[in-house]
>>> print(open('input-v7.cif').read())   # mmCIF, C-alpha atoms and all ligand atoms
data_start
loop_
_atom_site.label_atom_id
_atom_site.label_comp_id
_atom_site.auth_asym_id
_atom_site.auth_seq_id
_atom_site.Cartn_x
_atom_site.Cartn_y
_atom_site.Cartn_z
CA MET Z 1 -233.99 -23.27 21.53
CA VAL Z 2 -233.74 -27.02 21.18
CA GLY Z 3 -231.54 -28.03 24.13
CA VAL Z 4 -228.13 -29.66 24.04
CA GLY Z 5 -226.94 -32.77 22.17
CA GLY Z 6 -225.91 -36.15 23.53
CA ILE Z 7 -229.07 -37.86 22.26
CA PHE Z 8 -228.40 -40.64 19.75
CA ILE Z 9 -230.83 -42.56 17.56
CA ALA Z 10 -230.39 -45.52 15.22
CA LEU Z 11 -232.03 -45.46 11.80
CA GLY Z 12 -232.56 -48.62 9.75
CA SER Z 13 -234.43 -49.65 6.62
CA ASN Z 14 -234.59 -52.78 4.51
CA LEU Z 15 -237.68 -52.17 2.35
CA GLY Z 16 -238.29 -49.83 -0.60
CA ASP Z 17 -236.03 -46.83 -1.14
CA ARG Z 18 -233.89 -47.51 1.93
CA ALA Z 19 -231.64 -44.45 1.71
CA GLY Z 20 -234.66 -42.30 0.85
CA HIS Z 21 -236.51 -43.45 4.00
CA ILE Z 22 -233.50 -42.65 6.18
CA ARG Z 23 -232.79 -39.27 4.59
CA SER Z 24 -236.39 -38.13 4.71
CA ALA Z 25 -236.70 -39.30 8.35
CA LEU Z 26 -233.80 -36.97 9.21
CA ARG Z 27 -235.59 -34.08 7.48
CA GLU Z 28 -238.93 -34.92 9.13
CA LEU Z 29 -237.28 -34.94 12.57
CA GLU Z 30 -236.43 -31.28 12.08
CA GLU Z 31 -239.82 -30.28 10.64
CA ALA Z 32 -241.52 -29.18 13.88
CA GLY Z 33 -238.51 -27.02 14.83
CA ASP Z 34 -237.99 -28.63 18.25
CA VAL Z 35 -235.36 -31.18 17.16
CA ARG Z 36 -232.07 -30.54 15.41
CA VAL Z 37 -229.97 -33.22 13.78
CA LEU Z 38 -226.42 -32.34 14.83
CA ARG Z 39 -224.62 -35.03 12.85
CA CYS Z 40 -225.28 -38.28 11.08
CA SER Z 41 -222.94 -41.19 10.36
CA SER Z 42 -222.45 -42.64 6.91
CA LEU Z 43 -225.03 -45.16 5.71
CA ARG Z 44 -223.82 -48.75 5.84
CA GLU Z 45 -225.28 -51.91 4.40
CA THR Z 46 -225.64 -54.76 6.90
CA GLU Z 47 -226.97 -58.32 7.09
CA PRO Z 48 -230.36 -58.68 8.79
CA THR Z 49 -230.12 -60.19 12.30
CA GLY Z 50 -232.96 -62.37 13.60
CA GLY Z 51 -236.41 -62.34 12.08
CA PRO Z 52 -237.62 -64.47 9.18
CA PRO Z 53 -235.05 -65.91 6.74
CA GLY Z 54 -234.45 -64.31 3.34
CA GLN Z 55 -234.93 -60.68 4.42
CA PRO Z 56 -233.28 -58.00 2.26
CA MET Z 57 -230.08 -56.29 3.48
CA TYR Z 58 -230.43 -53.25 5.73
CA LEU Z 59 -229.11 -49.76 5.46
CA ASN Z 60 -228.21 -48.37 8.89
CA ALA Z 61 -227.04 -45.09 10.34
CA VAL Z 62 -226.80 -43.32 13.70
CA ALA Z 63 -227.57 -39.64 14.28
CA GLU Z 64 -227.00 -37.25 17.16
CA LEU Z 65 -229.93 -35.01 18.05
CA GLN Z 66 -230.38 -31.82 19.99
CA THR Z 67 -233.80 -31.36 21.59
CA GLU Z 68 -235.67 -30.48 24.76
CA LEU Z 69 -238.33 -33.12 24.09
CA SER Z 70 -238.50 -35.66 26.91
CA PRO Z 71 -237.37 -39.22 26.11
CA ALA Z 72 -241.02 -40.36 25.97
CA ASP Z 73 -242.02 -37.49 23.67
CA LEU Z 74 -239.03 -38.14 21.45
CA LEU Z 75 -239.93 -41.85 21.24
CA ALA Z 76 -243.48 -40.85 20.26
CA ARG Z 77 -242.06 -38.56 17.56
CA LEU Z 78 -239.90 -41.41 16.25
CA GLY Z 79 -243.00 -43.64 16.14
CA GLU Z 80 -244.98 -41.01 14.20
CA ILE Z 81 -242.24 -40.81 11.59
CA GLU Z 82 -242.08 -44.62 11.32
CA GLN Z 83 -245.84 -44.61 10.73
CA ARG Z 84 -245.57 -41.99 8.00
CA HIS Z 85 -243.18 -44.33 6.24
CA GLY Z 86 -245.73 -47.12 6.33
CA ARG Z 87 -243.99 -49.10 9.07
CA GLU Z 88 -245.93 -52.25 9.87
CA ARG Z 89 -245.26 -54.44 12.87
CA THR Z 90 -246.30 -57.92 11.81
CA VAL Z 91 -243.35 -60.24 12.46
CA ARG Z 92 -240.81 -59.68 15.23
CA ASN Z 93 -237.55 -58.45 13.68
CA GLY Z 94 -239.31 -58.57 10.31
CA PRO Z 95 -238.49 -56.33 7.35
CA ARG Z 96 -239.31 -52.65 7.78
CA THR Z 97 -239.41 -49.48 5.72
CA LEU Z 98 -238.05 -47.54 8.68
CA ASP Z 99 -236.94 -48.37 12.20
CA LEU Z 100 -236.03 -45.54 14.55
CA ASP Z 101 -234.62 -46.51 17.94
CA LEU Z 102 -233.59 -44.27 20.79
CA LEU Z 103 -230.08 -45.40 21.77
CA LEU Z 104 -228.86 -42.86 24.32
CA TYR Z 105 -230.47 -39.87 25.99
CA ARG Z 106 -227.46 -38.11 27.50
CA ASP Z 107 -226.67 -39.91 30.79
CA GLN Z 108 -230.25 -40.97 31.49
CA VAL Z 109 -231.13 -44.54 32.40
CA ILE Z 110 -234.77 -45.45 31.72
CA ASP Z 111 -236.27 -48.85 32.44
CA GLU Z 112 -239.94 -48.66 31.49
CA PRO Z 113 -241.91 -51.36 29.63
CA GLU Z 114 -242.24 -49.15 26.54
CA LEU Z 115 -238.84 -47.43 26.72
CA THR Z 116 -235.44 -48.73 27.77
CA VAL Z 117 -232.44 -46.39 27.52
CA PRO Z 118 -229.63 -47.03 26.83
CA HIS Z 119 -231.16 -49.31 24.19
CA PRO Z 120 -230.71 -52.80 25.70
CA ARG Z 121 -229.23 -54.48 22.63
CA MET Z 122 -227.20 -51.61 21.19
CA TRP Z 123 -223.73 -52.75 22.32
CA GLN Z 124 -224.16 -56.18 20.70
CA ARG Z 125 -225.11 -54.71 17.31
CA ARG Z 126 -222.24 -53.77 15.03
CA PHE Z 127 -224.72 -51.96 12.81
CA VAL Z 128 -225.16 -49.61 15.78
CA THR Z 129 -221.72 -49.50 17.40
CA GLU Z 130 -219.79 -48.82 14.19
CA PRO Z 131 -221.80 -45.81 12.99
CA LEU Z 132 -222.05 -44.57 16.59
CA ALA Z 133 -218.25 -44.60 16.92
CA GLU Z 134 -218.08 -42.47 13.75
CA ILE Z 135 -219.94 -39.58 15.36
CA CYS Z 136 -219.32 -40.03 19.11
CA ASP Z 137 -215.89 -39.61 20.70
CA ALA Z 138 -214.26 -42.42 22.70
CA GLN Z 139 -214.63 -40.75 26.09
CA ARG Z 140 -218.38 -40.25 25.64
CA LEU Z 141 -218.73 -43.80 24.36
CA ALA Z 142 -216.97 -45.19 27.43
CA ALA Z 143 -219.25 -43.15 29.72
CA ALA Z 144 -222.32 -44.40 27.85
CA ARG Z 145 -221.15 -48.01 28.11
CA ALA Z 146 -220.92 -47.62 31.88
CA LEU Z 147 -224.58 -46.59 32.22
CA ARG Z 148 -226.54 -49.37 33.87
CA PRO Z 149 -230.12 -49.54 35.11
CA MET Z 150 -230.37 -49.85 38.86
CA VAL Z 151 -232.66 -52.85 39.04
CA LEU Z 152 -233.45 -53.84 42.60
CA PRO Z 153 -235.11 -57.13 43.49
CA ARG Z 154 -238.91 -57.00 43.32
CA SER Z 155 -240.78 -55.93 46.44
CA GLN Z 156 -237.66 -54.90 48.28
CA PRO Z 157 -238.59 -53.20 51.56
CA LEU Z 158 -237.59 -49.56 51.70
CA PRO Z 159 -234.89 -48.66 54.22
CA GLY Z 160 -236.54 -47.72 57.50
CA GLY Z 161 -239.27 -50.33 57.26
CA GLY Z 162 -241.52 -48.51 54.79
CA PRO Z 163 -243.97 -50.36 52.58
CA ALA Z 164 -242.62 -52.78 50.00
CA ARG Z 165 -242.28 -51.32 46.53
CA SER Z 166 -241.80 -52.86 43.16
CA VAL Z 167 -238.77 -51.70 41.25
CA GLY Z 168 -237.65 -52.86 37.84
CA ASN Z 169 -240.01 -54.46 35.40
CA ARG Z 170 -237.90 -56.55 33.06
CA ASN Z 171 -238.32 -59.63 35.26
CA SER Z 172 -242.00 -59.69 34.42
CA GLU Z 173 -241.50 -59.83 30.63
P1 LIG Z 201 -237.02 -53.33 17.30
O1 LIG Z 201 -236.61 -51.93 17.05
O2 LIG Z 201 -236.43 -53.92 18.58
O3 LIG Z 201 -236.80 -54.23 16.14
P2 LIG Z 201 -239.72 -52.27 17.30
O4 LIG Z 201 -239.20 -51.12 16.49
O5 LIG Z 201 -240.93 -52.98 16.78
O6 LIG Z 201 -238.59 -53.36 17.53
O7 LIG Z 201 -239.97 -51.71 18.76
C1 LIG Z 201 -240.70 -52.43 19.69
C2 LIG Z 201 -240.97 -51.60 20.93
O8 LIG Z 201 -239.76 -51.32 21.58
C3 LIG Z 201 -241.59 -50.23 20.71
O9 LIG Z 201 -242.99 -50.29 20.82
C4 LIG Z 201 -241.01 -49.38 21.85
O10 LIG Z 201 -241.99 -48.97 22.78
C5 LIG Z 201 -240.04 -50.32 22.53
N1 LIG Z 201 -238.79 -49.70 22.95
C6 LIG Z 201 -238.22 -49.87 24.16
N2 LIG Z 201 -237.09 -49.19 24.27
C7 LIG Z 201 -236.90 -48.56 23.07
C8 LIG Z 201 -235.88 -47.70 22.59
N3 LIG Z 201 -234.83 -47.34 23.34
N4 LIG Z 201 -236.02 -47.24 21.31
C9 LIG Z 201 -237.09 -47.60 20.55
N5 LIG Z 201 -238.09 -48.41 20.95
C10 LIG Z 201 -237.99 -48.89 22.22
MG MG Z 202 -237.46 -50.06 16.75
#
>>> encode(input="input-v7.cif", output="structure tokens")
Amino acid sequence: MVGVGGIFIALGSNLGDRAGHIRSALRELEEAGDVRVLRCSSLRETEPTGGPPGQPMYLNAVAELQTELSPADLLARLGEIEQRHGRERTVRNGPRTLDLDLLLYRDQVIDEPELTVPHPRMWQRRFVTEPLAEICDAQRLAAARALRPMVLPRSQPLPGGGPARSVGNRNSE
């Protein structure tokens, strides 16, 4: 039993055997038996955005997963697979053998320092929105676009005069 779908990840590669990295990542996701890949978009070649000049072109895809792993556990799994593919984080937005990002986790909104869902830059990236639209129907896409983190001002007193609490952490970045 691996739960229901509605979980979308982005896959990208611009080093080495790009299609090979993406295809084997999809296989590796299913290896432990607690994740199923329900569908995957076509692979598309895209220009690199940001990062150092002269980077090779990317191959990108989006896949829908079915799993009962929590968002944090799924992110950890994605990181393990990136590591197996020799992913190195040296330069921000630099070239990479494999980048696996969690785009959507059903209707969940997560605003943690190490995990933001929906992925904060996904709607500005055609290399995400185009493959996503291939495998996700318009109604679901519209619902996903409407998901917003509820970020309250820092140290807002709780109703009823309780102690101040800190909500939202993007302001501190
Ligand atoms: P990017 O994918 O933006 O080029 P990285 O792959 O190096 O950059 O990821 C940087 C950090 O982003 C990771 O350590 C991870 O904790 C964090 N992160 C926050 N939200 C997400 C998300 N939705 N999917 C993947 N990583 C995320
Ligand atoms: Mg990433």
>>> residues_near_ligand(input="input-v7.cif", ligand="ligand MG 202 (chain Z)", cutoff="12 Å", atoms="only C-alpha atoms and all ligand atoms", output="PyMOL selection string")
chain Z and resi 9-13+75-76+78-79+81-83+87-89+92-103+114-116+119-122
>>> closest_residue(input="input-v7.cif", among="Z:Pro118, Z:Pro48, Z:Gly6, Z:Gly86", to="ligand LIG 201 (chain Z)", atoms="all atoms listed in the file")
Z:Pro118
>>> closest_residue(input="input-v7.cif", among="Z:Gly3, Z:Gly16, Z:Pro149, Z:Pro113", to="Tyr58 (chain Z)", atoms="all atoms listed in the file")
Z:Gly16
>>> axis_aligned_box(input="input-v7.cif", around="ligand LIG 201 (chain Z)", padding_each_side="5 Å", output="lines of an AutoDock Vina configuration file")
center_x = -238.9
center_y = -50.7
center_z = 20.2
size_x = 18.2
size_y = 17.0
size_z = 18.1
>>> atom_distance(input="input-v7.cif", atom1="CA of Pro56 (chain Z)", atom2="CA of Asn14 (chain Z)")
5.8 Å
>>> closest_residue(input="input-v7.cif", among="Z:Asp137, Z:Glu80, Z:Asp107, Z:Glu30", to="Thr67 (chain Z)", atoms="all atoms listed in the file")
Z:Glu30
>>> closest_residue(input="input-v7.cif", among="Z:Leu15, Z:Leu65, Z:Val117, Z:Ile7", to="ligand LIG 201 (chain Z)", atoms="only C-alpha atoms and all ligand atoms")
Z:Val117
>>> closest_residue(input="input-v7.cif", among="Z:Arg39, Z:Gly51, Z:Trp123, Z:Thr46", to="Ala142 (chain Z)", atoms="only C-alpha atoms")
Z:Trp123
>>> closest_residue(input="input-v7.cif", among="Z:Ala61, Z:Ala133, Z:Leu147, Z:Val91", to="Tyr105 (chain Z)", atoms="only C-alpha atoms")
Z:Leu147
>>> atom_distance(input="input-v7.cif", atom1="CA of Val4 (chain Z)", atom2="atom N5 of ligand LIG 201 (chain Z)")
21.5 Å
>>> atom_distance(input="input-v7.cif", atom1="atom O10 of ligand LIG 201 (chain Z)", atom2="CA of Phe8 (chain Z)")
16.2 Å
>>> decode(input="input-v7.cif", residues="region 17-161 of chain Z", atoms="C-alpha atoms", output="JSON list (two decimals), in the first residue's frame")
[["chain", "number", "residue", "atom", "x", "y", "z"],
["Z", 17, "ASP", "CA", 23.94, 10.96, -19.48],
["Z", 18, "ARG", "CA", 21.03, 13.31, -18.76],
["Z", 19, "ALA", "CA", 18.20, 11.01, -19.86],
["Z", 20, "GLY", "CA", 19.92, 8.09, -18.11],
["Z", 21, "HIS", "CA", 20.05, 10.00, -14.80],
["Z", 22, "ILE", "CA", 16.35, 10.86, -15.04],
["Z", 23, "ARG", "CA", 15.23, 7.38, -16.06],
["Z", 24, "SER", "CA", 17.26, 5.62, -13.40],
["Z", 25, "ALA", "CA", 16.03, 8.10, -10.74],
["Z", 26, "LEU", "CA", 12.46, 7.03, -11.60],
["Z", 27, "ARG", "CA", 13.44, 3.37, -11.17],
["Z", 28, "GLU", "CA", 15.31, 4.06, -7.92],
["Z", 29, "LEU", "CA", 12.28, 5.87, -6.49],
["Z", 30, "GLU", "CA", 10.34, 2.62, -6.75],
["Z", 31, "GLU", "CA", 13.13, 0.39, -5.39],
["Z", 32, "ALA", "CA", 12.13, 0.39, -1.71],
["Z", 33, "GLY", "CA", 8.51, -0.46, -2.61],
["Z", 34, "ASP", "CA", 6.98, 2.50, -0.73],
["Z", 35, "VAL", "CA", 6.78, 4.87, -3.72],
["Z", 36, "ARG", "CA", 5.08, 4.31, -7.04],
["Z", 37, "VAL", "CA", 5.61, 6.46, -10.10],
["Z", 38, "LEU", "CA", 2.10, 6.90, -11.50],
["Z", 39, "ARG", "CA", 3.04, 8.86, -14.62],
["Z", 40, "CYS", "CA", 5.88, 10.85, -16.06],
["Z", 41, "SER", "CA", 5.84, 13.64, -18.65],
["Z", 42, "SER", "CA", 7.98, 13.59, -21.75],
["Z", 43, "LEU", "CA", 11.58, 14.75, -21.39],
["Z", 44, "ARG", "CA", 12.20, 18.24, -22.74],
["Z", 45, "GLU", "CA", 15.41, 20.12, -23.40],
["Z", 46, "THR", "CA", 15.55, 23.59, -21.84],
["Z", 47, "GLU", "CA", 17.95, 26.51, -21.47],
["Z", 48, "PRO", "CA", 19.62, 26.80, -18.06],
["Z", 49, "THR", "CA", 18.21, 29.63, -15.92],
["Z", 50, "GLY", "CA", 20.50, 31.46, -13.49],
["Z", 51, "GLY", "CA", 23.79, 30.05, -12.34],
["Z", 52, "PRO", "CA", 27.16, 30.47, -14.05],
["Z", 53, "PRO", "CA", 27.25, 31.29, -17.78],
["Z", 54, "GLY", "CA", 27.96, 28.60, -20.38],
["Z", 55, "GLN", "CA", 26.15, 25.74, -18.62],
["Z", 56, "PRO", "CA", 24.96, 22.85, -20.80],
["Z", 57, "MET", "CA", 21.26, 22.55, -21.71],
["Z", 58, "TYR", "CA", 18.98, 20.72, -19.29],
["Z", 59, "LEU", "CA", 16.66, 17.81, -19.71],
["Z", 60, "ASN", "CA", 13.56, 18.20, -17.55],
["Z", 61, "ALA", "CA", 10.50, 16.17, -16.67],
["Z", 62, "VAL", "CA", 7.75, 16.05, -14.05],
["Z", 63, "ALA", "CA", 6.39, 12.87, -12.46],
["Z", 64, "GLU", "CA", 3.39, 12.08, -10.29],
["Z", 65, "LEU", "CA", 4.05, 9.82, -7.32],
["Z", 66, "GLN", "CA", 1.94, 7.70, -5.02],
["Z", 67, "THR", "CA", 3.34, 7.21, -1.52],
["Z", 68, "GLU", "CA", 2.59, 7.33, 2.18],
["Z", 69, "LEU", "CA", 6.01, 8.80, 2.97],
["Z", 70, "SER", "CA", 5.71, 12.18, 4.68],
["Z", 71, "PRO", "CA", 6.88, 15.23, 2.71],
["Z", 72, "ALA", "CA", 10.08, 15.37, 4.81],
["Z", 73, "ASP", "CA", 10.80, 11.67, 4.29],
["Z", 74, "LEU", "CA", 10.13, 11.99, 0.59],
["Z", 75, "LEU", "CA", 12.50, 14.98, 0.36],
["Z", 76, "ALA", "CA", 15.15, 12.91, 2.16],
["Z", 77, "ARG", "CA", 14.59, 10.08, -0.34],
["Z", 78, "LEU", "CA", 14.98, 12.52, -3.24],
["Z", 79, "GLY", "CA", 18.24, 13.77, -1.68],
["Z", 80, "GLU", "CA", 19.58, 10.20, -1.33],
["Z", 81, "ILE", "CA", 18.92, 9.55, -5.00],
["Z", 82, "GLU", "CA", 20.60, 12.84, -5.99],
["Z", 83, "GLN", "CA", 23.64, 11.75, -3.95],
["Z", 84, "ARG", "CA", 23.78, 8.37, -5.66],
["Z", 85, "HIS", "CA", 24.03, 10.24, -8.93],
["Z", 86, "GLY", "CA", 27.02, 12.17, -7.69],
["Z", 87, "ARG", "CA", 25.14, 15.44, -7.18],
["Z", 88, "GLU", "CA", 27.48, 18.13, -5.89],
["Z", 89, "ARG", "CA", 26.32, 21.45, -4.52],
["Z", 90, "THR", "CA", 29.16, 23.86, -5.24],
["Z", 91, "VAL", "CA", 27.68, 26.82, -7.12],
["Z", 92, "ARG", "CA", 24.11, 28.04, -6.66],
["Z", 93, "ASN", "CA", 22.07, 27.03, -9.71],
["Z", 94, "GLY", "CA", 25.21, 25.36, -11.04],
["Z", 95, "PRO", "CA", 25.24, 22.33, -13.36],
["Z", 96, "ARG", "CA", 24.01, 19.08, -11.84],
["Z", 97, "THR", "CA", 23.82, 15.40, -12.72],
["Z", 98, "LEU", "CA", 20.40, 15.21, -11.09],
["Z", 99, "ASP", "CA", 18.05, 17.65, -9.39],
["Z", 100, "LEU", "CA", 14.90, 16.32, -7.77],
["Z", 101, "ASP", "CA", 12.48, 18.90, -6.38],
["Z", 102, "LEU", "CA", 9.22, 18.33, -4.57],
["Z", 103, "LEU", "CA", 6.65, 20.50, -6.36],
["Z", 104, "LEU", "CA", 3.29, 19.59, -4.84],
["Z", 105, "TYR", "CA", 2.24, 17.28, -2.02],
["Z", 106, "ARG", "CA", -1.50, 17.01, -2.58],
["Z", 107, "ASP", "CA", -3.07, 20.14, -1.01],
["Z", 108, "GLN", "CA", -0.41, 20.58, 1.67],
["Z", 109, "VAL", "CA", 1.28, 23.92, 2.27],
["Z", 110, "ILE", "CA", 4.67, 23.64, 4.00],
["Z", 111, "ASP", "CA", 6.83, 26.60, 4.90],
["Z", 112, "GLU", "CA", 9.92, 25.23, 6.66],
["Z", 113, "PRO", "CA", 13.51, 26.41, 6.10],
["Z", 114, "GLU", "CA", 14.46, 23.11, 4.45],
["Z", 115, "LEU", "CA", 11.16, 22.42, 2.66],
["Z", 116, "THR", "CA", 8.71, 24.75, 0.95],
["Z", 117, "VAL", "CA", 5.67, 23.24, -0.77],
["Z", 118, "PRO", "CA", 4.29, 24.14, -3.24],
["Z", 119, "HIS", "CA", 7.81, 24.72, -4.58],
["Z", 120, "PRO", "CA", 8.19, 28.53, -4.39],
["Z", 121, "ARG", "CA", 9.50, 29.07, -7.92],
["Z", 122, "MET", "CA", 7.58, 26.38, -9.79],
["Z", 123, "TRP", "CA", 4.96, 28.62, -11.44],
["Z", 124, "GLN", "CA", 7.63, 30.88, -12.97],
["Z", 125, "ARG", "CA", 9.51, 27.97, -14.56],
["Z", 126, "ARG", "CA", 8.27, 26.83, -17.95],
["Z", 127, "PHE", "CA", 10.47, 23.76, -17.62],
["Z", 128, "VAL", "CA", 8.17, 22.83, -14.73],
["Z", 129, "THR", "CA", 4.76, 24.15, -15.78],
["Z", 130, "GLU", "CA", 4.81, 22.65, -19.28],
["Z", 131, "PRO", "CA", 5.60, 19.05, -18.30],
["Z", 132, "LEU", "CA", 3.30, 19.39, -15.27],
["Z", 133, "ALA", "CA", 0.40, 20.40, -17.54],
["Z", 134, "GLU", "CA", 1.07, 17.24, -19.59],
["Z", 135, "ILE", "CA", 0.28, 14.95, -16.67],
["Z", 136, "CYS", "CA", -2.00, 17.03, -14.41],
["Z", 137, "ASP", "CA", -5.52, 18.07, -15.43],
["Z", 138, "ALA", "CA", -6.55, 21.75, -15.54],
["Z", 139, "GLN", "CA", -8.84, 21.59, -12.51],
["Z", 140, "ARG", "CA", -6.11, 20.14, -10.29],
["Z", 141, "LEU", "CA", -3.63, 22.66, -11.63],
["Z", 142, "ALA", "CA", -5.95, 25.55, -10.78],
["Z", 143, "ALA", "CA", -6.43, 24.20, -7.25],
["Z", 144, "ALA", "CA", -2.67, 23.85, -6.83],
["Z", 145, "ARG", "CA", -2.09, 27.40, -8.05],
["Z", 146, "ALA", "CA", -4.46, 28.68, -5.37],
["Z", 147, "LEU", "CA", -2.45, 27.10, -2.53],
["Z", 148, "ARG", "CA", -0.73, 29.80, -0.54],
["Z", 149, "PRO", "CA", 1.26, 29.67, 2.69],
["Z", 150, "MET", "CA", -0.46, 31.45, 5.55],
["Z", 151, "VAL", "CA", 2.40, 33.67, 6.65],
["Z", 152, "LEU", "CA", 1.48, 35.84, 9.59],
["Z", 153, "PRO", "CA", 3.61, 38.74, 10.75],
["Z", 154, "ARG", "CA", 6.39, 37.72, 13.14],
["Z", 155, "SER", "CA", 5.59, 37.65, 16.85],
["Z", 156, "GLN", "CA", 1.90, 38.20, 16.33],
["Z", 157, "PRO", "CA", 0.06, 37.85, 19.65],
["Z", 158, "LEU", "CA", -2.32, 34.91, 19.75],
["Z", 159, "PRO", "CA", -6.02, 35.76, 19.98],
["Z", 160, "GLY", "CA", -7.01, 35.93, 23.63],
["Z", 161, "GLY", "CA", -3.77, 37.53, 24.78]]
